[in-house]
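The next block is start05.cif, given as mmCIF, C-alpha atoms and all ligand atoms.
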data_my_file
loop_
_atom_site.label_atom_id
_atom_site.label_comp_id
_atom_site.auth_asym_id
_atom_site.auth_seq_id
_atom_site.Cartn_x
_atom_site.Cartn_y
_atom_site.Cartn_z
CA MET A 1 10.59 -13.44 -22.30
CA SER A 2 9.51 -9.93 -23.28
CA SER A 3 7.19 -8.22 -20.85
CA LYS A 4 4.62 -8.16 -23.63
CA GLY A 5 4.78 -11.94 -23.68
CA LEU A 6 4.33 -12.03 -19.93
CA ILE A 7 1.01 -10.24 -20.08
CA ARG A 8 -1.82 -12.65 -20.47
CA THR A 9 -4.92 -11.27 -22.04
CA ALA A 10 -8.14 -10.92 -20.16
CA LEU A 11 -9.75 -13.43 -22.44
CA GLU A 12 -7.24 -16.10 -21.51
CA ARG A 13 -7.93 -15.76 -17.81
CA ALA A 14 -11.45 -14.37 -17.83
CA ARG A 15 -13.55 -15.08 -14.78
CA ALA A 16 -16.65 -13.66 -13.22
CA CYS A 17 -15.88 -10.75 -10.97
CA VAL A 18 -17.63 -7.62 -9.82
CA PRO A 19 -16.40 -4.27 -8.58
CA LEU A 20 -16.65 -4.04 -4.80
CA ASN A 21 -17.52 -0.37 -4.60
CA SER A 22 -17.10 2.82 -6.55
CA HIS A 23 -13.39 2.01 -6.78
CA PRO A 24 -13.15 -0.45 -9.63
CA ARG A 25 -9.59 -1.25 -8.63
CA PHE A 26 -10.56 -4.18 -6.57
CA PHE A 27 -12.57 -7.21 -7.53
CA GLN A 28 -13.89 -9.99 -5.39
CA THR A 29 -16.54 -12.60 -5.22
CA PRO A 30 -19.61 -10.72 -3.96
CA GLU A 31 -20.46 -13.05 -1.10
CA LEU A 32 -17.36 -12.20 0.94
CA PRO A 33 -17.98 -10.14 4.10
CA SER A 34 -16.94 -6.55 3.50
CA GLN A 35 -17.40 -3.14 5.16
CA ALA A 36 -16.46 0.35 4.04
CA PHE A 37 -15.96 3.55 6.03
CA ARG A 38 -14.46 7.00 5.55
CA SER A 39 -11.18 8.07 7.13
CA MET A 40 -8.42 10.54 6.17
CA GLY A 41 -10.94 12.15 3.80
CA THR A 42 -11.28 9.04 1.68
CA LEU A 43 -12.82 5.58 1.51
CA ALA A 44 -11.44 2.47 3.21
CA THR A 45 -12.77 -1.05 2.71
CA ILE A 46 -12.08 -4.17 4.73
CA THR A 47 -12.91 -7.57 3.24
CA LEU A 48 -12.47 -10.86 5.07
CA GLY A 49 -12.34 -14.46 3.90
CA SER A 50 -15.68 -16.25 4.29
CA ASP A 51 -14.45 -18.25 7.35
CA CYS A 52 -14.39 -15.02 9.37
CA ALA A 53 -17.74 -13.57 8.26
CA ASP A 54 -18.92 -13.13 11.86
CA ARG A 55 -15.89 -10.99 12.70
CA ILE A 56 -16.28 -8.34 10.00
CA GLU A 57 -18.01 -5.84 12.31
CA PRO A 58 -15.49 -5.77 15.21
CA VAL A 59 -12.47 -6.03 12.88
CA THR A 60 -13.70 -3.08 10.80
CA GLN A 61 -14.34 -1.05 13.97
CA HIS A 62 -10.83 -1.76 15.20
CA VAL A 63 -9.19 -0.89 11.87
CA ARG A 64 -11.26 2.26 11.69
CA ALA A 65 -10.05 3.27 15.17
CA ILE A 66 -6.43 2.79 14.00
CA PHE A 67 -6.97 4.91 10.85
CA ASP A 68 -8.85 7.65 12.74
CA ARG A 69 -6.17 7.87 15.41
CA LEU A 70 -3.45 8.22 12.78
CA GLU A 71 -5.53 10.86 11.01
CA ARG A 72 -5.86 12.86 14.22
CA GLU A 73 -2.08 12.81 14.64
CA MET A 74 -1.07 13.44 11.06
CA SER A 75 -3.73 15.43 9.23
CA ALA A 76 -2.53 18.76 7.87
CA TYR A 77 -6.20 19.83 7.85
CA ARG A 78 -6.59 19.59 11.64
CA SER A 79 -5.10 22.44 13.61
CA ASP A 80 -4.69 20.15 16.65
CA SER A 81 -2.60 17.49 14.85
CA ALA A 82 1.08 16.90 15.55
CA ILE A 83 1.83 17.74 11.91
CA SER A 84 0.16 21.17 12.26
CA GLU A 85 2.01 21.83 15.52
CA ILE A 86 5.35 21.05 13.83
CA ALA A 87 4.54 23.66 11.14
CA ARG A 88 3.50 26.25 13.74
CA MET A 89 6.78 25.73 15.59
CA ALA A 90 8.93 25.81 12.43
CA GLY A 91 12.11 27.79 13.06
CA VAL A 92 11.11 28.13 16.73
CA ALA A 93 11.43 24.88 18.70
CA PRO A 94 11.26 21.07 18.37
CA VAL A 95 7.88 19.45 19.03
CA LYS A 96 7.42 16.18 20.89
CA VAL A 97 5.38 13.94 18.56
CA PRO A 98 3.50 10.63 18.99
CA ALA A 99 5.48 7.48 18.14
CA ASP A 100 3.59 6.72 14.89
CA THR A 101 4.02 10.27 13.61
CA TYR A 102 7.73 10.08 14.40
CA GLN A 103 7.96 6.79 12.52
CA VAL A 104 6.10 8.16 9.46
CA LEU A 105 8.34 11.26 9.38
CA SER A 106 11.45 9.04 9.61
CA LEU A 107 10.18 6.85 6.80
CA GLY A 108 9.31 9.94 4.77
CA GLN A 109 12.87 11.17 5.13
CA ARG A 110 14.27 7.77 4.23
CA PHE A 111 12.19 7.56 1.06
CA GLY A 112 13.21 11.16 0.34
CA SER A 113 16.89 10.16 0.37
CA LEU A 114 16.36 6.92 -1.56
CA SER A 115 14.36 8.71 -4.25
CA VAL A 116 16.97 11.47 -4.57
CA GLY A 117 14.50 14.02 -3.25
CA VAL A 118 11.58 13.45 -5.64
CA PHE A 119 9.57 12.06 -2.74
CA ASN A 120 9.60 15.03 -0.45
CA ILE A 121 7.36 15.45 2.58
CA THR A 122 8.42 19.11 2.87
CA ALA A 123 6.83 20.02 -0.50
CA ALA A 124 3.71 21.16 1.39
CA PRO A 125 4.16 24.95 0.91
CA LEU A 126 4.26 24.41 -2.86
CA ALA A 127 1.14 22.22 -2.75
CA SER A 128 -0.68 25.08 -0.99
CA LEU A 129 0.56 27.59 -3.59
CA TRP A 130 -1.08 25.48 -6.31
CA GLY A 131 -4.38 25.34 -4.41
CA PHE A 132 -4.05 21.98 -2.61
CA ASN A 133 -4.19 21.17 1.10
CA GLY A 134 -7.28 23.31 1.57
CA ALA A 135 -5.71 26.48 0.05
CA ALA A 136 -7.64 28.61 -2.46
CA VAL A 137 -7.04 27.66 -6.11
CA PRO A 138 -5.18 30.55 -7.82
CA ASN A 139 -6.82 32.33 -10.80
CA THR A 140 -3.54 32.50 -12.68
CA LEU A 141 -0.38 30.41 -12.72
CA PRO A 142 1.89 31.07 -9.73
CA SER A 143 4.82 33.30 -10.71
CA ASP A 144 8.37 31.95 -11.01
CA GLN A 145 9.25 34.33 -8.21
CA SER A 146 6.67 32.92 -5.79
CA ILE A 147 7.66 29.34 -6.71
CA GLY A 148 11.37 30.19 -6.27
CA LYS A 149 10.70 31.66 -2.83
CA LEU A 150 8.90 28.52 -1.64
CA LEU A 151 11.45 26.14 -3.18
CA LYS A 152 13.89 27.44 -0.56
CA LEU A 153 11.60 25.97 2.11
CA VAL A 154 11.47 22.53 0.47
CA ASP A 155 14.22 20.27 1.78
CA HIS A 156 13.63 17.11 3.76
CA ARG A 157 17.02 17.57 5.44
CA GLY A 158 15.56 20.69 7.04
CA LEU A 159 13.36 18.36 9.10
CA VAL A 160 15.33 17.37 12.17
CA LEU A 161 14.14 14.25 13.96
CA HIS A 162 15.67 13.60 17.34
CA ASP A 163 14.63 11.53 20.31
CA GLY A 164 10.87 11.62 19.62
CA THR A 165 10.84 15.27 18.57
CA ALA A 166 10.46 16.91 15.16
CA PHE A 167 11.80 20.34 14.18
CA LEU A 168 11.56 22.24 10.91
CA SER A 169 14.62 24.45 10.66
CA LEU A 170 13.07 27.41 8.79
CA LYS A 171 9.96 29.44 9.54
CA GLY A 172 7.39 28.84 6.79
CA MET A 173 8.36 25.19 6.27
CA SER A 174 5.70 22.52 6.71
CA VAL A 175 5.33 18.78 6.24
CA ASP A 176 2.67 16.79 4.43
CA VAL A 177 2.58 13.02 4.87
CA GLY A 178 -0.34 12.56 2.45
CA GLY A 179 1.88 10.50 0.14
CA ILE A 180 2.80 7.90 2.77
CA ALA A 181 0.33 7.94 5.69
CA LYS A 182 -2.34 5.68 4.16
CA GLY A 183 0.25 3.01 3.38
CA TYR A 184 1.58 3.23 6.94
CA ALA A 185 -1.97 2.97 8.31
CA ILE A 186 -2.61 -0.16 6.24
CA ASP A 187 0.52 -1.85 7.59
CA ARG A 188 -0.64 -1.14 11.17
CA ALA A 189 -4.09 -2.54 10.34
CA TYR A 190 -2.46 -5.55 8.66
CA ASP A 191 -0.43 -6.29 11.82
CA TYR A 192 -3.56 -5.96 13.93
CA CYS A 193 -5.60 -8.33 11.73
CA LEU A 194 -2.87 -11.00 11.84
CA SER A 195 -2.54 -10.64 15.63
CA ALA A 196 -6.32 -11.01 15.93
CA GLY A 197 -6.07 -14.35 14.14
CA ILE A 198 -7.63 -13.22 10.85
CA ARG A 199 -5.90 -15.19 8.10
CA ASP A 200 -7.61 -14.07 4.90
CA PHE A 201 -8.27 -10.38 4.41
CA LEU A 202 -7.91 -7.42 2.08
CA ILE A 203 -7.50 -3.82 3.20
CA ASP A 204 -8.17 -1.17 0.55
CA PHE A 205 -7.50 2.44 1.49
CA SER A 206 -8.09 4.63 -1.55
CA GLY A 207 -5.83 2.93 -4.05
CA ASN A 208 -3.51 1.44 -1.43
CA VAL A 209 -4.12 -2.25 -0.84
CA ARG A 210 -2.57 -5.03 1.22
CA VAL A 211 -3.77 -8.61 1.41
CA ALA A 212 -3.23 -11.72 3.51
CA GLY A 213 -4.16 -15.28 2.63
CA ARG A 214 -6.61 -15.70 -0.22
CA PRO A 215 -10.35 -15.19 -0.81
CA SER A 216 -10.86 -18.81 -1.80
CA ARG A 217 -8.88 -22.01 -2.01
CA ARG A 218 -8.48 -21.67 -5.73
CA GLU A 219 -7.09 -18.20 -6.25
CA ASP A 220 -5.32 -15.11 -4.96
CA TRP A 221 -6.97 -11.74 -4.26
CA GLN A 222 -7.68 -9.84 -7.47
CA ILE A 223 -7.03 -6.10 -7.76
CA GLY A 224 -8.12 -3.99 -10.72
CA VAL A 225 -5.73 -1.23 -11.87
CA ARG A 226 -7.75 1.73 -13.05
CA ASP A 227 -7.19 3.11 -16.55
CA PRO A 228 -5.91 6.67 -15.94
CA PHE A 229 -7.52 7.85 -19.20
CA ASP A 230 -10.90 6.27 -18.56
CA ARG A 231 -11.94 6.21 -14.92
CA SER A 232 -14.76 3.77 -15.60
CA SER A 233 -12.50 0.98 -16.85
CA ILE A 234 -9.35 -0.84 -15.83
CA ILE A 235 -5.98 -1.50 -17.47
CA GLY A 236 -6.02 -5.01 -16.11
CA LYS A 237 -6.10 -7.12 -12.98
CA ILE A 238 -3.35 -8.15 -10.59
CA ALA A 239 -3.44 -11.42 -8.68
CA LEU A 240 -1.92 -10.40 -5.34
CA PRO A 241 -0.04 -13.08 -3.34
CA SER A 242 -0.45 -13.19 0.44
CA GLY A 243 1.33 -10.40 2.33
CA MET A 244 1.86 -8.21 -0.73
CA ALA A 245 0.82 -4.59 -1.14
CA VAL A 246 -0.04 -2.48 -4.14
CA SER A 247 -0.47 1.28 -4.46
CA THR A 248 -1.56 3.51 -7.33
CA SER A 249 -0.88 7.23 -7.71
CA GLY A 250 -2.86 8.86 -10.49
CA SER A 251 -3.14 12.34 -11.93
CA TYR A 252 -6.90 11.72 -12.19
CA GLU A 253 -7.19 11.35 -8.40
CA ARG A 254 -7.04 14.97 -7.37
CA PHE A 255 -6.26 18.04 -9.42
CA VAL A 256 -6.97 21.75 -9.73
CA ASP A 257 -8.09 23.63 -12.82
CA ILE A 258 -6.15 26.82 -13.57
CA LEU A 259 -7.05 28.70 -16.78
CA GLY A 260 -8.64 25.56 -18.21
CA GLN A 261 -5.57 23.39 -17.58
CA ARG A 262 -5.52 20.51 -15.08
CA TYR A 263 -2.72 20.34 -12.52
CA SER A 264 -2.26 17.18 -10.45
CA HIS A 265 -1.87 17.08 -6.67
CA ILE A 266 1.62 15.59 -6.86
CA ILE A 267 4.33 18.24 -6.93
CA ASP A 268 7.79 17.94 -8.42
CA PRO A 269 9.92 19.34 -5.58
CA ARG A 270 12.77 20.06 -8.01
CA THR A 271 10.77 22.52 -10.13
CA GLY A 272 7.90 23.52 -7.86
CA TYR A 273 5.36 22.57 -10.55
CA PRO A 274 2.74 19.83 -10.45
CA VAL A 275 3.85 16.72 -12.35
CA THR A 276 2.54 16.63 -15.92
CA GLU A 277 4.31 13.76 -17.67
CA THR A 278 2.90 10.81 -15.70
CA ALA A 279 -0.71 9.60 -15.84
CA SER A 280 -0.42 6.82 -13.27
CA VAL A 281 2.00 4.61 -11.39
CA THR A 282 1.23 1.33 -9.65
CA VAL A 283 3.82 -0.18 -7.30
CA LEU A 284 3.82 -3.75 -6.05
CA CYS A 285 5.96 -4.78 -3.06
CA ASN A 286 6.06 -6.44 0.36
CA ASP A 287 4.57 -3.68 2.48
CA ALA A 288 2.05 -0.90 2.03
CA VAL A 289 4.14 2.03 3.27
CA THR A 290 6.86 1.35 0.68
CA ALA A 291 4.24 0.91 -2.06
CA ASP A 292 2.56 4.19 -1.10
CA ALA A 293 5.74 6.28 -0.89
CA LEU A 294 7.25 4.81 -4.04
CA SER A 295 4.10 5.19 -6.15
CA THR A 296 4.32 8.92 -5.41
CA ALA A 297 8.12 8.94 -5.98
CA PHE A 298 7.95 7.14 -9.35
CA PHE A 299 5.06 9.40 -10.34
CA VAL A 300 7.35 12.42 -9.92
CA ALA A 301 10.44 10.73 -11.38
CA GLY A 302 8.52 9.73 -14.53
CA LEU A 303 9.80 7.27 -17.07
CA LYS A 304 13.21 8.93 -17.31
CA GLY A 305 13.97 9.07 -13.61
CA SER A 306 12.31 5.85 -12.47
CA ARG A 307 15.08 3.46 -13.57
CA GLU A 308 17.56 5.20 -11.28
CA ILE A 309 15.28 4.81 -8.26
CA LEU A 310 14.30 1.28 -9.26
CA LYS A 311 17.97 0.25 -9.01
CA LYS A 312 17.85 0.81 -5.27
CA PHE A 313 14.78 -1.38 -4.83
CA THR A 314 15.28 -4.21 -7.34
CA PRO A 315 14.14 -6.97 -7.05
CA SER A 316 11.79 -6.26 -4.14
CA VAL A 317 9.72 -3.59 -5.92
CA ASP A 318 7.74 -3.94 -9.15
CA LEU A 319 6.26 -1.13 -11.12
CA LEU A 320 3.74 -0.23 -13.82
CA LEU A 321 4.07 3.32 -15.17
CA VAL A 322 1.70 4.94 -17.67
CA PRO A 323 3.09 8.18 -19.18
CA ASP A 324 0.60 10.99 -19.80
CA ARG A 325 0.53 10.73 -23.60
CA PHE A 326 -1.33 8.98 -26.39
CA PRO A 327 -1.51 6.28 -27.51
CA THR A 328 -1.45 4.59 -24.10
CA GLU A 329 1.89 3.00 -23.13
CA LEU A 330 2.27 0.57 -20.23
CA TRP A 331 5.84 0.42 -18.95
CA LEU A 332 6.31 -2.47 -16.58
CA THR A 333 8.97 -4.47 -14.79
CA PRO A 334 9.06 -8.21 -15.57
CA GLY A 335 7.71 -9.07 -12.10
CA PHE A 336 4.70 -6.84 -12.71
CA GLY A 337 4.10 -8.52 -16.04
CA ASN A 338 3.98 -11.85 -14.20
CA VAL A 339 1.00 -10.88 -12.08
CA LEU A 340 -0.92 -8.59 -14.45
CA THR A 341 -3.71 -9.81 -16.64
CA SER A 342 -3.97 -6.98 -19.14
CA ASN A 343 -7.09 -5.75 -20.90
CA ASN A 344 -4.87 -4.66 -23.80
CA ALA A 345 -5.55 -1.05 -22.77
CA GLY A 346 -2.29 0.01 -24.42
CA GLN A 347 0.99 -1.20 -25.85
CA SER A 348 3.37 -2.58 -23.23
CA PHE A 349 7.10 -1.98 -22.87
CA PRO A 350 9.72 -3.49 -20.54
CA LEU A 351 10.91 -1.32 -17.67
CA SER A 352 14.04 -2.32 -15.80
CA ASP A 353 16.94 -0.75 -13.92
CA GLN A 354 19.33 -1.80 -16.68
CA ARG A 355 19.12 1.19 -19.02
P1 LIG B 401 -3.15 9.82 -2.93
O1 LIG B 401 -2.77 10.06 -1.52
O2 LIG B 401 -3.91 10.94 -3.54
O3 LIG B 401 -3.76 8.49 -3.18
P2 LIG B 401 -0.32 9.66 -3.36
O4 LIG B 401 -0.06 8.55 -2.44
O5 LIG B 401 0.47 9.66 -4.61
O6 LIG B 401 -1.82 9.80 -3.77
O7 LIG B 401 0.02 10.97 -2.56
C1 LIG B 401 -0.22 12.25 -3.03
C2 LIG B 401 -0.12 13.18 -1.86
O8 LIG B 401 1.25 13.23 -1.44
C3 LIG B 401 -0.47 14.61 -2.18
O9 LIG B 401 -1.85 14.82 -2.00
C4 LIG B 401 0.36 15.37 -1.17
O10 LIG B 401 -0.27 15.30 0.09
C5 LIG B 401 1.62 14.56 -1.10
N1 LIG B 401 2.65 14.93 -2.08
C6 LIG B 401 2.55 15.72 -3.19
N2 LIG B 401 3.72 15.79 -3.85
C7 LIG B 401 4.60 15.04 -3.12
C8 LIG B 401 5.99 14.72 -3.27
N3 LIG B 401 6.71 15.18 -4.29
N4 LIG B 401 6.56 13.92 -2.34
C9 LIG B 401 5.84 13.44 -1.28
N5 LIG B 401 4.54 13.70 -1.09
C10 LIG B 401 3.92 14.49 -2.00
MG MG B 402 1.71 7.60 -2.19
#
Would you mind giving the structure from this file in structure tokens?
Amino acid sequence: MSSKGLIRTALERARACVPLNSHPRFFQTPELPSQAFRSMGTLATITLGSDCADRIEPVTQHVRAIFDRLEREMSAYRSDSAISEIARMAGVAPVKVPADTYQVLSLGQRFGSLSVGVFNITAAPLASLWGFNGAAVPNTLPSDQSIGKLLKLVDHRGLVLHDGTAFLSLKGMSVDVGGIAKGYAIDRAYDYCLSAGIRDFLIDFSGNVRVAGRPSRREDWQIGVRDPFDRSSIIGKIALPSGMAVSTSGSYERFVDILGQRYSHIIDPRTGYPVTETASVTVLCNDAVTADALSTAFFVAGLKGSREILKKFTPSVDLLLVPDRFPTELWLTPGFGNVLTSNNAGQSFPLSDQR
């Protein structure tokens, strides 16, 4: 069946649903217990099945403590974080890092290799050059010379991980785990919730979601995928089976304006420029850290490069990619087509590792 055929229209499967919060990605029945809080500079929401309504408060507090602890370790904005210490000691000496930070850096390197370098946690100096990570936004485009100089500092193999320590081999290098840390945090919160005996829950951390169980006996959790060209509407809804995770990377999320042109916060580490050809990528798979890293990786790889990366993850990873062009095109793997109820926001095309 063509992927177009796999997409059922909203009318066919219409049901009453309301947006949970300002993020219209996620839909639920309004009576479910839910709490939101801020961590890692963004919004997190925990929703439990109705059986566990009385546990929403302590569960949210516990998840929040997990997220805040990981933020303290891994924020590039905090001078006392392990990530900042690694940058300060670049080219000088290895730094002993907490176990979770070590694990995130190892995963970052692994996804860097598997994505042939398009996912690159050492792209941080370039992000700063373009005005991200708290740096001042430049008035003019960075020069080829300044980009070329920083490209020499971008190489995930220059991060040496050994026996609980992390070392950046060249002075001036730095790491940024912003493309993977929220997914990792969700997986830790997911493990905690299961160990605490919570069966039905949804964790939403700024476009990264993982679910367990179901909100009601009749159906799976429903996630809305935001339309990258119209923030107030969605491309469609995904019915997410228990245990699965979904992550969206979008150019509309964070960007800088230089000379009237928007530049997204995701950097192509091969060129040193922000990615311009992708509007959004949504990845569906078995765990949140993979979904988070790969949504960023496919965003950089774009339509052309994504098939190559997809080969390494088929069939465990499904993907919806919207190129940054008009009219709207939805490129999706067959497995994604199976779970998406489209709003007919654009024409759909099959995406596979075959071509
Ligand atoms: P968000 O965190 O905004 O929801 P992503 O998960 O796609 O979106 O991550 C984007 C973040 O990843 C950027 O803000 C930056 O911290 C980091 N990043 C930027 N470019 C890359 C890249 N090529 N590889 C890995 N991480 C990147
Ligand atoms: Mg990501």
Could you pull the residues within 7 Å of Val95 of chain A, counting all atoms listed in the file, minus those fewer than 3 positions along the same chain, as JSON, numbers by chain?
{"A": [86, 165, 166, 167]}
Identify which of the residues A:Phe119, A:Phe298, A:Trp130, A:Phe201 lies closest to Arg270 of chain A, counting only C-alpha atoms when measuring atom-to-atom distances.
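Going through A:Phe119, A:Phe298, A:Trp130, A:Phe201 one by one, the smallest distance to Arg270 of chain A is for A:Phe119.
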Give me the residues within 6 Å of segment 348-353 of chain A as a tab-separated table (two decimals) with C-alpha atoms, in the frame of the given file, counting only C-alpha atoms and dropping any in the same chain fewer than 6 places off.
chain	number	residue	atom	x	y	z
A	3	SER	CA	7.19	-8.22	-20.85
A	4	LYS	CA	4.62	-8.16	-23.63
A	307	ARG	CA	15.08	3.46	-13.57
A	310	LEU	CA	14.30	1.28	-9.26
A	311	LYS	CA	17.97	0.25	-9.01
A	329	GLU	CA	1.89	3.00	-23.13
A	330	LEU	CA	2.27	0.57	-20.23
A	331	TRP	CA	5.84	0.42	-18.95
A	332	LEU	CA	6.31	-2.47	-16.58
A	333	THR	CA	8.97	-4.47	-14.79
Give the answer as one residue: which of A:Val177, A:Ala212, A:Val225, A:Ile234 has the shortest atom-to-atom distance to ligand MG 402 (chain B), using only C-alpha atoms and all ligand atoms?
A:Val177
Please provide the set of residues having any atom within 12 Å of Ala291 of chain A, restricted to all atoms listed in the file, with same-chain residues fewer than 5 positions apart removed, written as a compact mmCIF listing (two decimals) with C-alpha atoms, keeping the file's coordinate frame.
# COMPACT_ATOMS: atom_id res chain seq x y z
CA PHE A 111 12.19 7.56 1.06
CA GLY A 179 1.88 10.50 0.14
CA ILE A 180 2.80 7.90 2.77
CA ALA A 181 0.33 7.94 5.69
CA LYS A 182 -2.34 5.68 4.16
CA GLY A 183 0.25 3.01 3.38
CA TYR A 184 1.58 3.23 6.94
CA ILE A 186 -2.61 -0.16 6.24
CA ASP A 187 0.52 -1.85 7.59
CA GLY A 207 -5.83 2.93 -4.05
CA ASN A 208 -3.51 1.44 -1.43
CA VAL A 209 -4.12 -2.25 -0.84
CA ARG A 210 -2.57 -5.03 1.22
CA MET A 244 1.86 -8.21 -0.73
CA ALA A 245 0.82 -4.59 -1.14
CA VAL A 246 -0.04 -2.48 -4.14
CA SER A 247 -0.47 1.28 -4.46
CA THR A 248 -1.56 3.51 -7.33
CA SER A 249 -0.88 7.23 -7.71
CA VAL A 281 2.00 4.61 -11.39
CA THR A 282 1.23 1.33 -9.65
CA VAL A 283 3.82 -0.18 -7.30
CA LEU A 284 3.82 -3.75 -6.05
CA CYS A 285 5.96 -4.78 -3.06
CA ASN A 286 6.06 -6.44 0.36
CA THR A 296 4.32 8.92 -5.41
CA ALA A 297 8.12 8.94 -5.98
CA PHE A 298 7.95 7.14 -9.35
CA PHE A 299 5.06 9.40 -10.34
CA PHE A 313 14.78 -1.38 -4.83
CA SER A 316 11.79 -6.26 -4.14
CA VAL A 317 9.72 -3.59 -5.92
CA ASP A 318 7.74 -3.94 -9.15
CA LEU A 319 6.26 -1.13 -11.12
CA LEU A 320 3.74 -0.23 -13.82
Using only the atoms of segment 56-71 of chain A listed in the file, plus 4 Å on each side, state the axis-aligned box centre and edge lengths in Å rounded to one decimal, as AutoDock Vina command-line options.
--center_x -10.7 --center_y 1.3 --center_z 12.7 --size_x 22.6 --size_y 27.2 --size_z 13.4
Please list, as a PyMOL selection string, the residues that have an atom at most 7 Å away from (14.5, 17.5, 2.5) in the coordinates of this file, counting only C-alpha atoms.
chain A and resi 112+117+120+122+154-159
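Taking atom CA of Gly346 of chain A as the reference point, atom CA of Pro228 of chain A is found at 11.4 Å.
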